[in-house]
Every structure is written in C-alpha cells, then in structure tokens.
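Student: Structure: structure21.cif, mmCIF, C-alpha atoms.
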```
data_model
loop_
_atom_site.label_atom_id
_atom_site.label_comp_id
_atom_site.auth_asym_id
_atom_site.auth_seq_id
_atom_site.Cartn_x
_atom_site.Cartn_y
_atom_site.Cartn_z
CA MET A 75 39.99 129.30 129.73
CA LYS A 76 39.29 132.52 127.88
CA ILE A 77 41.81 133.96 125.43
CA ALA A 78 41.50 137.63 124.42
CA VAL A 79 43.03 138.96 121.20
CA LEU A 80 43.77 142.69 121.29
CA LYS A 81 43.71 145.25 118.53
CA GLU A 82 47.15 146.84 118.32
CA THR A 83 47.31 150.53 119.19
CA ALA A 84 51.01 151.34 118.68
CA ALA A 85 51.66 153.81 115.87
CA GLY A 86 52.29 152.03 112.56
CA GLU A 87 51.58 148.56 113.95
CA ARG A 88 49.47 146.65 111.42
CA ARG A 89 49.96 143.10 112.67
CA VAL A 90 47.57 141.05 114.78
CA SER A 91 48.37 138.28 117.27
CA ALA A 92 45.82 135.70 116.08
CA THR A 93 44.28 134.61 112.80
CA ALA A 94 41.17 132.63 112.02
CA GLU A 95 43.45 129.60 111.69
CA THR A 96 44.87 129.89 115.21
CA VAL A 97 41.49 130.86 116.70
CA LYS A 98 40.06 127.61 115.39
CA LYS A 99 42.98 125.67 116.87
CA PHE A 100 42.63 127.31 120.28
CA ILE A 101 38.94 126.47 120.33
CA ALA A 102 39.80 122.86 119.45
CA LEU A 103 41.95 122.78 122.60
CA GLY A 104 38.87 123.75 124.61
CA ALA A 105 39.45 127.50 124.99
CA ASP A 106 37.00 130.32 124.41
CA VAL A 107 38.42 133.05 122.18
CA ALA A 108 37.31 136.70 122.09
CA VAL A 109 38.68 139.12 119.49
CA GLU A 110 38.55 142.89 119.76
CA ALA A 111 36.51 144.36 116.90
CA GLY A 112 38.75 145.40 114.01
CA ALA A 113 41.84 143.69 115.44
CA GLY A 114 42.82 142.14 112.13
CA ASP A 115 41.63 144.83 109.71
CA ALA A 116 45.07 146.32 109.02
CA ALA A 117 46.46 142.86 108.23
CA SER A 118 43.50 141.92 105.98
CA PHE A 119 41.88 139.60 108.54
CA ALA A 120 38.21 140.58 108.81
CA ASP A 121 36.05 140.20 111.92
CA LEU A 122 33.79 137.84 109.93
CA GLY A 123 36.64 135.38 109.51
CA TYR A 124 37.24 135.29 113.24
CA ALA A 125 33.54 134.90 113.94
CA ASP A 126 33.27 132.06 111.43
CA ALA A 127 36.19 130.35 113.22
CA GLY A 128 34.19 130.49 116.47
CA ALA A 129 35.49 133.64 118.17
CA ALA A 130 33.32 136.21 119.93
CA ILE A 131 33.81 139.76 118.62
CA GLY A 132 33.49 142.68 121.02
CA SER A 133 34.88 145.86 122.50
CA ARG A 134 38.14 145.80 124.46
CA ALA A 135 36.29 145.85 127.79
CA GLU A 136 34.05 142.99 126.65
CA ILE A 137 36.85 140.72 125.46
CA LEU A 138 39.00 141.38 128.55
CA ALA A 139 36.18 140.54 130.98
CA GLY A 140 37.19 137.25 132.58
CA ALA A 141 40.14 136.74 130.21
CA ASP A 142 42.82 134.33 131.42
CA ILE A 143 45.27 135.00 128.58
CA VAL A 144 45.69 138.25 126.62
CA LEU A 145 47.48 138.02 123.27
CA GLY A 146 49.21 140.93 121.60
CA VAL A 147 51.95 141.70 119.09
CA GLN A 148 53.41 144.58 121.07
CA GLY A 149 52.89 144.87 124.80
CA PRO A 150 49.56 146.64 125.48
CA ASP A 151 49.36 149.87 127.45
CA PRO A 152 48.56 148.84 131.06
CA ASP A 153 46.10 151.73 131.27
CA ALA A 154 44.18 150.22 128.35
CA LEU A 155 43.46 146.89 130.06
CA PRO A 156 40.17 147.60 131.84
CA GLY A 157 39.05 144.88 134.20
CA LEU A 158 42.08 142.65 133.70
CA LYS A 159 41.89 140.02 136.41
CA PRO A 160 44.87 139.37 138.66
CA GLY A 161 47.03 136.50 137.43
CA ALA A 162 45.99 136.88 133.79
CA TRP A 163 48.76 136.21 131.30
CA ILE A 164 49.91 138.89 128.88
CA VAL A 165 51.64 137.13 125.98
CA ALA A 166 53.34 139.46 123.49
CA GLY A 167 56.59 141.09 122.48
CA LEU A 168 57.16 143.27 125.54
CA ASN A 169 60.53 144.98 124.91
CA PRO A 170 61.38 144.58 128.63
CA PHE A 171 64.58 146.63 128.55
CA GLY A 172 63.26 149.43 126.36
CA ASP A 173 59.90 149.65 128.16
CA ARG A 174 60.90 148.75 131.70
CA ALA A 175 58.39 151.18 133.22
CA ARG A 176 55.58 149.38 131.41
CA VAL A 177 56.78 146.05 132.83
CA ASP A 178 56.61 147.53 136.33
CA ARG A 179 53.02 148.56 135.66
CA TYR A 180 52.13 145.03 134.53
CA ALA A 181 53.42 143.87 137.90
CA ALA A 182 51.26 146.48 139.66
CA LEU A 183 48.23 145.13 137.76
CA GLY A 184 48.98 141.65 139.10
CA ALA A 185 49.45 140.31 135.56
CA GLU A 186 51.82 137.51 134.62
CA ALA A 187 53.64 139.05 131.67
CA LEU A 188 55.47 136.74 129.26
CA ALA A 189 58.04 138.34 126.94
CA MET A 190 57.97 136.24 123.79
CA GLU A 191 61.15 137.78 122.39
CA TRP A 192 63.04 136.17 125.28
CA MET A 193 62.08 132.67 124.16
CA PRO A 194 65.24 130.57 124.56
CA ARG A 195 66.89 129.55 121.32
CA ILE A 196 66.65 125.82 121.86
CA THR A 197 65.44 123.17 119.44
CA ARG A 198 62.02 122.59 120.97
CA ALA A 199 61.25 126.31 121.06
CA GLN A 200 62.09 127.08 117.43
CA SER A 201 58.45 127.09 116.37
CA MET A 202 57.66 129.57 119.17
CA ASP A 203 60.41 132.08 118.30
CA ILE A 204 58.83 135.39 117.24
CA LEU A 205 62.22 137.00 116.61
CA SER A 206 63.12 134.43 113.98
CA SER A 207 59.78 134.45 112.18
CA GLN A 208 59.62 138.24 112.04
CA SER A 209 63.31 138.73 111.23
CA ASN A 210 62.99 136.37 108.28
CA LEU A 211 60.36 138.63 106.73
CA ALA A 212 62.32 141.76 107.65
CA GLY A 213 65.35 140.49 105.76
CA TYR A 214 63.21 139.84 102.69
CA LYS A 215 61.50 143.23 102.86
CA ALA A 216 64.82 145.04 103.37
CA VAL A 217 65.95 143.90 99.93
CA LEU A 218 62.66 145.02 98.36
CA ASP A 219 62.96 148.38 100.10
CA ALA A 220 66.51 148.72 98.77
CA ALA A 221 65.35 147.85 95.26
CA ALA A 222 62.62 150.46 95.48
CA GLU A 223 65.15 153.18 96.37
CA TYR A 224 67.85 152.02 93.95
CA ASP A 225 67.53 153.73 90.56
CA ARG A 226 68.96 150.78 88.69
CA ALA A 227 68.15 147.13 88.00
CA PHE A 228 69.41 144.28 90.21
CA PRO A 229 70.29 141.58 87.64
CA MET A 230 72.80 141.79 84.81
CA MET A 231 70.94 142.42 81.57
CA MET A 232 72.42 141.94 78.11
CA THR A 233 70.44 143.96 75.58
CA ALA A 234 70.86 145.21 72.02
CA ALA A 235 71.56 148.63 73.52
CA GLY A 236 74.31 147.33 75.76
CA THR A 237 74.90 145.47 79.01
CA ILE A 238 73.63 146.49 82.45
CA SER A 239 75.89 145.30 85.26
CA ALA A 240 74.44 143.39 88.21
CA ALA A 241 73.97 145.32 91.44
CA LYS A 242 76.50 144.61 94.18
CA VAL A 243 74.80 143.91 97.51
CA PHE A 244 76.65 143.64 100.83
CA VAL A 245 74.86 142.17 103.86
CA MET A 246 76.31 142.95 107.28
CA GLY A 247 75.13 140.58 109.99
CA VAL A 248 74.17 137.06 108.99
CA GLY A 249 71.45 136.05 111.40
CA VAL A 250 67.96 135.10 110.29
CA ALA A 251 67.32 138.48 108.64
CA GLY A 252 70.72 138.55 106.99
CA LEU A 253 70.41 135.06 105.53
CA GLN A 254 67.02 135.89 104.04
CA ALA A 255 68.39 139.15 102.66
CA ILE A 256 71.21 137.23 100.97
CA ALA A 257 68.79 134.71 99.48
CA THR A 258 66.38 137.40 98.26
CA ALA A 259 69.11 139.55 96.69
CA ARG A 260 70.49 136.47 94.95
CA ARG A 261 67.04 135.62 93.58
CA LEU A 262 66.83 139.15 92.16
CA GLY A 263 70.11 138.60 90.35
CA ALA A 264 72.52 140.68 92.43
CA GLN A 265 76.14 139.91 93.18
CA VAL A 266 76.04 139.33 96.92
CA SER A 267 78.68 139.40 99.63
CA ALA A 268 78.22 139.23 103.38
CA THR A 269 80.06 139.46 106.68
CA ASP A 270 79.50 138.60 110.33
CA VAL A 271 81.56 138.37 113.51
CA ARG A 272 80.65 134.70 113.96
CA ALA A 273 82.94 132.31 112.12
CA ALA A 274 80.19 129.70 111.85
CA THR A 275 78.28 131.88 109.37
CA LYS A 276 80.94 131.62 106.65
CA GLU A 277 79.62 128.28 105.41
CA GLN A 278 76.04 129.56 105.56
CA ILE A 279 76.97 132.53 103.37
CA GLN A 280 78.67 130.28 100.84
CA SER A 281 75.75 127.84 100.81
CA LEU A 282 73.52 130.65 99.54
CA GLY A 283 75.92 131.50 96.72
CA ALA A 284 77.31 134.68 98.28
CA LYS A 285 80.91 135.70 98.95
CA PRO A 286 82.00 135.77 102.60
CA ILE A 287 84.00 138.85 103.67
CA PHE A 288 85.86 137.98 106.88
CA VAL A 289 88.77 139.23 108.92
CA GLU A 290 91.34 136.47 109.12
CA ASN A 291 93.94 135.67 111.77
CA VAL A 292 92.68 138.17 114.34
CA ALA A 293 91.49 137.19 117.81
CA GLY A 294 87.76 137.64 118.27
CA ILE A 295 86.44 136.07 115.06
CA GLU A 296 84.56 133.40 117.03
CA GLY A 297 81.96 135.96 118.11
CA GLU A 298 79.40 133.38 119.21
CA GLY A 299 77.47 134.29 122.34
CA SER A 300 74.73 132.48 124.21
CA GLY A 301 71.67 131.51 122.22
CA GLY A 302 73.42 131.98 118.89
CA TYR A 303 73.66 135.77 119.23
CA ALA A 304 76.77 137.76 118.40
CA THR A 305 78.86 139.20 121.20
CA GLU A 306 81.04 142.29 121.54
CA MET A 307 84.39 141.92 119.76
CA SER A 308 87.93 142.75 120.86
CA ASP A 309 89.32 146.19 119.96
CA GLU A 310 91.87 144.51 117.70
CA TYR A 311 89.11 142.72 115.83
CA LYS A 312 86.99 145.88 115.54
CA ALA A 313 89.91 147.77 113.97
CA ALA A 314 90.62 145.01 111.47
CA GLN A 315 86.93 144.68 110.65
CA ALA A 316 86.56 148.43 110.06
CA GLU A 317 89.54 148.45 107.68
CA LEU A 318 88.23 145.47 105.71
CA VAL A 319 84.69 146.85 105.49
CA SER A 320 85.92 150.30 104.43
CA SER A 321 87.75 148.90 101.44
CA HIS A 322 84.82 146.66 100.47
CA ILE A 323 81.91 149.02 101.07
CA ALA A 324 83.21 151.67 98.67
CA LYS A 325 82.59 149.25 95.80
CA GLN A 326 79.03 148.31 96.79
CA ASP A 327 75.74 149.57 95.38
CA ILE A 328 73.53 148.39 98.25
CA VAL A 329 74.36 147.62 101.88
CA ILE A 330 71.92 145.99 104.31
CA THR A 331 72.78 146.02 108.01
CA THR A 332 71.06 143.68 110.48
CA ALA A 333 73.29 143.56 113.58
CA LEU A 334 71.57 143.57 116.97
CA ILE A 335 72.79 142.70 120.47
CA PRO A 336 69.89 141.91 122.86
CA GLY A 337 69.55 144.44 125.66
CA ARG A 338 72.18 146.79 124.25
CA PRO A 339 72.30 149.54 121.62
CA ALA A 340 72.89 148.28 118.09
CA PRO A 341 76.61 148.19 117.20
CA ARG A 342 77.82 150.92 114.84
CA LEU A 343 78.92 149.23 111.60
CA ILE A 344 79.07 152.07 109.06
CA SER A 345 80.57 155.50 109.70
CA ASP A 346 79.93 158.78 107.93
CA ALA A 347 83.35 158.49 106.26
CA GLN A 348 82.45 155.06 104.88
CA ILE A 349 79.16 156.42 103.54
CA ALA A 350 81.08 159.20 101.81
CA SER A 351 83.24 156.59 100.04
CA MET A 352 80.20 155.02 98.35
CA LYS A 353 78.99 155.95 94.88
CA PRO A 354 76.15 158.51 94.59
CA GLY A 355 72.84 156.70 94.19
CA SER A 356 73.90 153.82 96.43
CA VAL A 357 71.45 152.60 99.08
CA ILE A 358 71.87 151.50 102.71
CA VAL A 359 69.05 149.78 104.61
CA ASP A 360 69.49 149.89 108.41
CA LEU A 361 67.32 147.18 109.96
CA ALA A 362 68.63 148.07 113.42
CA VAL A 363 67.57 151.73 113.22
CA GLU A 364 65.07 151.44 116.10
CA ALA A 365 67.80 150.11 118.41
CA GLY A 366 70.10 153.08 117.77
CA GLY A 367 71.15 152.08 114.27
CA ASN A 368 74.09 150.31 112.66
CA VAL A 369 74.62 153.29 110.35
CA GLU A 370 75.77 156.76 111.33
CA GLY A 371 73.13 159.25 110.23
CA SER A 372 70.25 156.80 109.83
CA VAL A 373 66.90 158.16 111.02
CA ALA A 374 64.16 155.92 112.43
CA GLY A 375 61.05 156.15 110.31
CA ASP A 376 62.65 158.06 107.42
CA VAL A 377 64.71 157.77 104.26
CA VAL A 378 67.53 160.33 104.27
CA THR A 379 70.25 161.17 101.77
CA VAL A 380 73.81 161.55 103.08
CA HIS A 381 76.72 162.17 100.69
CA GLY A 382 74.43 161.17 97.82
CA VAL A 383 73.63 157.81 99.48
CA ARG A 384 70.06 156.98 100.46
CA ILE A 385 69.81 155.56 103.98
CA VAL A 386 66.56 153.68 104.61
CA GLY A 387 65.40 153.55 108.24
CA HIS A 388 61.87 152.17 108.17
CA ARG A 389 60.38 151.32 111.55
CA ASN A 390 58.79 147.95 112.31
CA VAL A 391 59.69 146.34 109.00
CA PRO A 392 57.74 143.08 109.60
CA SER A 393 54.58 145.16 109.91
CA ARG A 394 55.13 146.25 106.29
CA LEU A 395 54.21 142.66 105.39
CA ALA A 396 51.34 142.59 107.84
CA ALA A 397 49.36 139.59 106.57
CA ASP A 398 52.25 137.11 106.45
CA ALA A 399 53.93 138.56 109.54
CA SER A 400 50.67 138.17 111.48
CA ALA A 401 50.16 134.61 110.28
CA LEU A 402 53.64 133.58 111.44
CA PHE A 403 53.43 135.51 114.71
CA ALA A 404 50.03 133.97 115.49
CA ARG A 405 51.40 130.48 114.84
CA ASN A 406 54.34 131.21 117.16
CA LEU A 407 51.89 132.07 119.95
CA PHE A 408 49.71 129.04 119.28
CA ASN A 409 52.72 126.71 119.12
CA PHE A 410 53.87 128.09 122.46
CA LEU A 411 50.58 127.84 124.33
CA SER A 412 49.53 124.50 122.81
CA ALA A 413 52.89 122.89 123.65
CA PHE A 414 52.17 123.46 127.34
CA TRP A 415 48.41 122.83 127.28
CA ASP A 416 47.36 120.63 130.17
CA LYS A 417 44.12 118.88 129.17
CA GLU A 418 43.12 118.12 132.75
CA ALA A 419 43.72 121.68 133.92
CA GLY A 420 42.24 123.11 130.73
CA ARG A 421 45.05 125.63 130.46
CA PRO A 422 48.77 125.88 129.63
CA VAL A 423 51.21 125.03 132.42
CA LEU A 424 54.76 126.23 131.78
CA ASP A 425 57.87 124.25 132.62
CA GLU A 426 60.84 125.75 134.43
CA GLU A 427 63.18 126.13 131.43
CA ILE A 428 60.90 128.17 129.20
CA GLY A 429 58.74 129.69 131.94
CA SER A 430 61.73 131.21 133.73
CA ALA A 431 63.19 132.44 130.45
CA ILE A 432 60.17 134.49 129.38
CA ARG A 433 58.23 135.33 132.58
CA VAL A 434 58.95 138.93 133.59
CA THR A 435 56.22 139.59 136.17
CA GLN A 436 54.27 137.36 138.55
CA GLY A 437 52.38 137.84 141.81
CA GLY A 438 52.63 141.62 141.71
CA LYS A 439 56.41 141.66 141.26
CA VAL A 440 59.04 141.84 138.53
CA VAL A 441 60.64 138.40 138.71
CA HIS A 442 63.06 138.02 135.79
CA GLU A 443 66.71 137.98 136.81
CA ARG A 444 67.77 140.02 133.75
CA LEU A 445 65.53 142.85 134.92
CA LEU A 446 66.30 142.53 138.60
CA GLY A 447 69.99 142.90 137.82
CA ALA A 448 69.46 145.79 135.38
#
```
If you took the structure in this file and wrote it as structure tokens, what would it be?
Tutor:
Amino acid sequence: MKIAVLKETAAGERRVSATAETVKKFIALGADVAVEAGAGDAASFADLGYADAGAAIGSRAEILAGADIVLGVQGPDPDALPGLKPGAWIVAGLNPFGDRARVDRYAALGAEALAMEWMPRITRAQSMDILSSQSNLAGYKAVLDAAAEYDRAFPMMMTAAGTISAAKVFVMGVGVAGLQAIATARRLGAQVSATDVRAATKEQIQSLGAKPIFVENVAGIEGEGSGGYATEMSDEYKAAQAELVSSHIAKQDIVITTALIPGRPAPRLISDAQIASMKPGSVIVDLAVEAGGNVEGSVAGDVVTVHGVRIVGHRNVPSRLAADASALFARNLFNFLSAFWDKEAGRPVLDEEIGSAIRVTQGGKVVHERLLGA
C-alpha cells in the first residue's frame, strides 16, 4: 500500500495533508509513504522532517507511480495526476457541488474520490471531520483578523488618563467556528453576544459567558437540520430575525458571520442598510465570503470599506494558520484511514455508512446520490 502526499497548487493554499507525525503512523501501519518535494514548505514542514519519518521524497510523477491512495487538502487537478492507476483513492476536500466538473473528471480517470467534507457528523467520525477541525481555527483567526482591522482595544482598560470601553462583538452563527470566535473574543476581553437559528445553541452561548440574542415565540426557531447543520427558516422567522438583528447590530463594534448551508449559497445575514447603521470604524468579518457571503458588499479575498465599516473577506482562513491547520487536517486523514485499516488486506476497507457518505466516484462513474440528484 503506497500513500502519496501532494503539494497543493491552488492559489493561496499553504496547508499540507500529512505531517512527519502522520507519516510515521502510516508507516507503522505497514504503508509506504511518498511526499512530493516541497509539499510542506508553506506550512513550515520541511522535506527533511518527512524523510526522517521514513517517507520517500520525489517529484509528483515519482510519488504517484503505483500510488494506491493520494492525499490532498484541496482536490487535485485531474490533469496534474500523471500515471494515476485506476482504482486509486483520492482523499481530500473535493468541494463536489462547487467543482462538479472536476468530480466528473476523477470518474473518467477511474479514481475512487472520497470527499472528506461529507464525513457524516456521527460520534465515531468526529476525529475524522475536517470541517470541524478547520472551522475551529477559522473562528479563532476571524477574531484576530477583526482585532487587526479595529482601531481600538478589545478589553476595558482603566487608566490614569481615563477609561477605555470594552469592544462589543456580535457572532452570527454558532457552529464550531462561531463557538471558537465567542471564546476567543471573550479571552481578549470583549463584551460578546451571539445568535443562531438553532435553539440548542442558546445554552452553548451562555456557557461561554456570552449573551444570546434570539427571536422568541416565532415558528422556525428550532432550525436544526440533519447532521447538526442549520436549515432554511420560515419567512415569518426571517422577518423577526432581521428586525432583532437590525436593532442589535447598530450598537456593535465588531460582527463575525459564520453561517453556511451545505450545497447552497451562504444565507444573507447583513444588509447594506444594516451596515450603514453601524458606527464608523466598526468591523465585519464574513467567514462565508467564498460561498457567496453572509454580508452584502463583502468581497472574497479583500478588505473593503462600506459606509465607514471595514468588511473583511479573507479567502481560505484556515490556511492563514497553516502549521496548526495542517497538523489537524493530517490527523483527520490518518484517523479516517487507520480506523478502517484491515491488517490482513494491508489497506483500509470502508464500511457502508461512512463509505457511502463520502465516496463520490467509483468504477469510472459518479456514484454519490447527492450528485446524481443534482
């Protein structure tokens, strides 16, 4: 069993899908590991570290020769997989809806492509969940990005020259990223409030010392979809939510939005009129900017100023913490493959529950029901 670790080629992607730690663990399972030269450079993982862990270092063509499993952070370009053997696994974040044409080309190559972001949110798969591990870091970095753009201090400071008031931070969307954003803003001394469409998050918000901002007595507050994701709300709920947020957002210094719905454009949470109601110098960080954005006027890959408010739209936020993001991502991949490692077969053998959830191509065809019905 040969495992190939690719160097990422997507613009701005600094992460890598394996570290010396996980290479050593794969080899302990009985696998051979080959790492493309320079794969970890951008994340501060040198080729020497991989070699010391037992990996072979080589060109892309060399590492792909005879590879049974190809690891990546983002799905590799099918045209850049020379000599990939039929039936080889491609294990990465594949963005199947956004890059459907690329999935079709994986099928044409005869590859078995496994979309790690479709890992089911069940207890035994928690350690394999790349969305959770990367979103956690994104929530943390969003607060740091906000602090960097905000021309004031976060904590209350009492000085001989007078008192500085604590920054008011509002987090919209309390999933993994939102919870970490709340915790990080609290550690920096801000006054934090948060909202979500899922009623179950109210206690989570309070447990972190933040104030929950929720619409009460309106149908649709449950908001809990399959796998713990939020669902679309009723029109009545959306109207009540917009009114509540409008009155609250005008008083905030920093707003962080994190709302995503898998396979659909990000829901619009903040309108231009709401931005205009905020104080000049306020900051909004839109973590959903690459999925269409939660904020009207946000621009992917840029920081723009609208009505005196800075709107931060950095792409690929986990990659801005490349070393830690890579370490967690690599462990997710190892935890996944090792959990299904069959010692007699000398390779991982997937079960039906997880295999069917993440397998998008097999035997020259697109096989996932979510894509076949799209």
Student: At a cut-off of 7 Å, using only C-alpha atoms, what residues contact A:Val434? Leave out same-chain residues fewer than 3 positions from it and give the result as a tab-separated table (two decimals) with C-alpha atoms, in the coordinates of the input.
Tutor:
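Result file around20.tsv:
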```
chain	number	residue	atom	x	y	z
A	187	ALA	CA	53.64	139.05	131.67
A	188	LEU	CA	55.47	136.74	129.26
A	189	ALA	CA	58.04	138.34	126.94
A	440	VAL	CA	59.04	141.84	138.53
A	441	VAL	CA	60.64	138.40	138.71
A	442	HIS	CA	63.06	138.02	135.79
```
Student: Under the rule that only C-alpha atoms are counted, which of A:Ala259, A:Leu318, A:Ala185, A:Met202 is the nearest residue to A:Phe288?
Tutor: A:Leu318
Student: What would the selection look like, as a compact mmCIF listing (two decimals) with C-alpha atoms, in the coordinates of the input, if the PyMOL selection byres ((chain A and resi 241-248) around 8) were run on the coordinates I just shared?
Tutor:
```txt
# COMPACT_ATOMS: atom_id res chain seq x y z
CA ARG A 226 68.96 150.78 88.69
CA ALA A 227 68.15 147.13 88.00
CA PHE A 228 69.41 144.28 90.21
CA PRO A 229 70.29 141.58 87.64
CA MET A 230 72.80 141.79 84.81
CA SER A 239 75.89 145.30 85.26
CA ALA A 240 74.44 143.39 88.21
CA GLY A 249 71.45 136.05 111.40
CA VAL A 250 67.96 135.10 110.29
CA ALA A 251 67.32 138.48 108.64
CA GLY A 252 70.72 138.55 106.99
CA LEU A 253 70.41 135.06 105.53
CA ALA A 255 68.39 139.15 102.66
CA ILE A 256 71.21 137.23 100.97
CA ALA A 259 69.11 139.55 96.69
CA GLY A 263 70.11 138.60 90.35
CA ALA A 264 72.52 140.68 92.43
CA GLN A 265 76.14 139.91 93.18
CA VAL A 266 76.04 139.33 96.92
CA SER A 267 78.68 139.40 99.63
CA ALA A 268 78.22 139.23 103.38
CA THR A 269 80.06 139.46 106.68
CA ASP A 270 79.50 138.60 110.33
CA VAL A 271 81.56 138.37 113.51
CA THR A 275 78.28 131.88 109.37
CA ILE A 279 76.97 132.53 103.37
CA ILE A 323 81.91 149.02 101.07
CA LYS A 325 82.59 149.25 95.80
CA GLN A 326 79.03 148.31 96.79
CA ASP A 327 75.74 149.57 95.38
CA ILE A 328 73.53 148.39 98.25
CA VAL A 329 74.36 147.62 101.88
CA ILE A 330 71.92 145.99 104.31
CA THR A 331 72.78 146.02 108.01
CA THR A 332 71.06 143.68 110.48
CA ALA A 333 73.29 143.56 113.58
```
Student: Could you list, as a PyMOL selection string, every residue within 9 Å of A:Asp121, counting all atoms listed in the file and ignoring same-chain residues fewer than 3 positions away?
Tutor: chain A and resi 109-115+124-126+131
Student: With a distance cut-off of 10 Å and all atoms listed in the file, select the neighbouring residues of A:Leu424, excluding the residue or stretch itself and same-chain residues fewer than 4 positions from it, and output the selection as JSON, numbers by chain.
Tutor: {"A": [410, 411, 413, 414, 415, 416, 428, 429, 430, 433]}
Student: Determine the residue set returned by the PyMOL selection byres ((chain A and resi 317) around 12) for the present structure, and present it as a PyMOL selection string.
Tutor: chain A and resi 287-289+310-316+318-324+343-345+347-348
Student: Have a look at atom CA of A:Ser206 and atom CA of A:Glu186 and let me know their distance in Å, one decimal.
Tutor: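 Going from atom CA of A:Ser206 over to atom CA of A:Glu186 covers 23.7 Å.
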Student: Here is a test: counting only C-alpha atoms, which residue of A:Gly86, A:Gly140, A:Pro160, A:Gly128 is nearest to A:Gly375?
Tutor: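 Among the listed residues, the smallest separation from A:Gly375 belongs to A:Gly86.
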Student: Quick one: residues within 12 Å of A:Ala92, only C-alpha atoms, excluding same-chain residues fewer than 4 positions away - as a PyMOL selection string?
Tutor: chain A and resi 77-82+96-100+107-110+113-115+117+119-121+123-124+127+129+144-147+165-166+397-409
Student: Do you have the atom CA of A:Gly367-atom CA of A:Ala431 distance handy?
Tutor: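 If I compute the distance from atom CA of A:Gly367 to atom CA of A:Ala431, I get 26.7 Å.
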Student: Between A:Asp142, A:Asp173, A:Glu427, A:Glu223, which is the closest to A:Met75 once you count all atoms listed in the file?
Tutor: A:Asp142
Student: Starting from the sparse input, extend stretch 262-269 of chain A to all heavy atoms and give the output as a short mmCIF file (atom, residue, chain, number, x, y, z; two decimals), keeping the file's coordinate frame.
Tutor:
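Final output, selection31.cif:
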```cif
data_model
loop_
_atom_site.label_atom_id
_atom_site.label_comp_id
_atom_site.auth_asym_id
_atom_site.auth_seq_id
_atom_site.Cartn_x
_atom_site.Cartn_y
_atom_site.Cartn_z
N LEU A 262 67.05 137.99 93.03
CA LEU A 262 66.83 139.15 92.16
C LEU A 262 67.99 139.37 91.20
O LEU A 262 67.95 140.29 90.38
CB LEU A 262 66.61 140.41 93.00
CG LEU A 262 65.28 140.48 93.76
CD1 LEU A 262 65.22 141.75 94.60
CD2 LEU A 262 64.10 140.44 92.80
N GLY A 263 69.02 138.54 91.31
CA GLY A 263 70.11 138.60 90.35
C GLY A 263 71.30 139.44 90.74
O GLY A 263 72.17 139.71 89.90
N ALA A 264 71.39 139.85 91.99
CA ALA A 264 72.52 140.68 92.43
C ALA A 264 73.76 139.84 92.70
O ALA A 264 73.68 138.63 92.93
CB ALA A 264 72.13 141.46 93.68
N GLN A 265 74.91 140.51 92.67
CA GLN A 265 76.14 139.91 93.18
C GLN A 265 76.18 140.19 94.67
O GLN A 265 76.20 141.36 95.08
CB GLN A 265 77.37 140.52 92.51
CG GLN A 265 77.51 140.19 91.03
CD GLN A 265 78.77 140.80 90.45
OE1 GLN A 265 79.60 141.38 91.17
NE2 GLN A 265 78.94 140.69 89.14
N VAL A 266 76.22 139.14 95.48
CA VAL A 266 76.04 139.33 96.92
C VAL A 266 77.28 138.91 97.70
O VAL A 266 77.87 137.86 97.44
CB VAL A 266 74.81 138.52 97.42
CG1 VAL A 266 74.56 138.82 98.90
CG2 VAL A 266 73.57 138.85 96.60
N SER A 267 77.64 139.73 98.67
CA SER A 267 78.68 139.40 99.63
C SER A 267 78.12 139.66 101.02
O SER A 267 77.12 140.36 101.18
CB SER A 267 79.95 140.23 99.40
OG SER A 267 79.65 141.61 99.45
N ALA A 268 78.75 139.07 102.02
CA ALA A 268 78.22 139.23 103.38
C ALA A 268 79.33 139.04 104.40
O ALA A 268 80.35 138.38 104.14
CB ALA A 268 77.10 138.22 103.63
N THR A 269 79.10 139.60 105.59
CA THR A 269 80.06 139.46 106.68
C THR A 269 79.33 139.32 108.00
O THR A 269 78.17 139.70 108.14
CB THR A 269 81.01 140.68 106.73
OG1 THR A 269 82.09 140.40 107.62
CG2 THR A 269 80.29 141.93 107.22
#
```
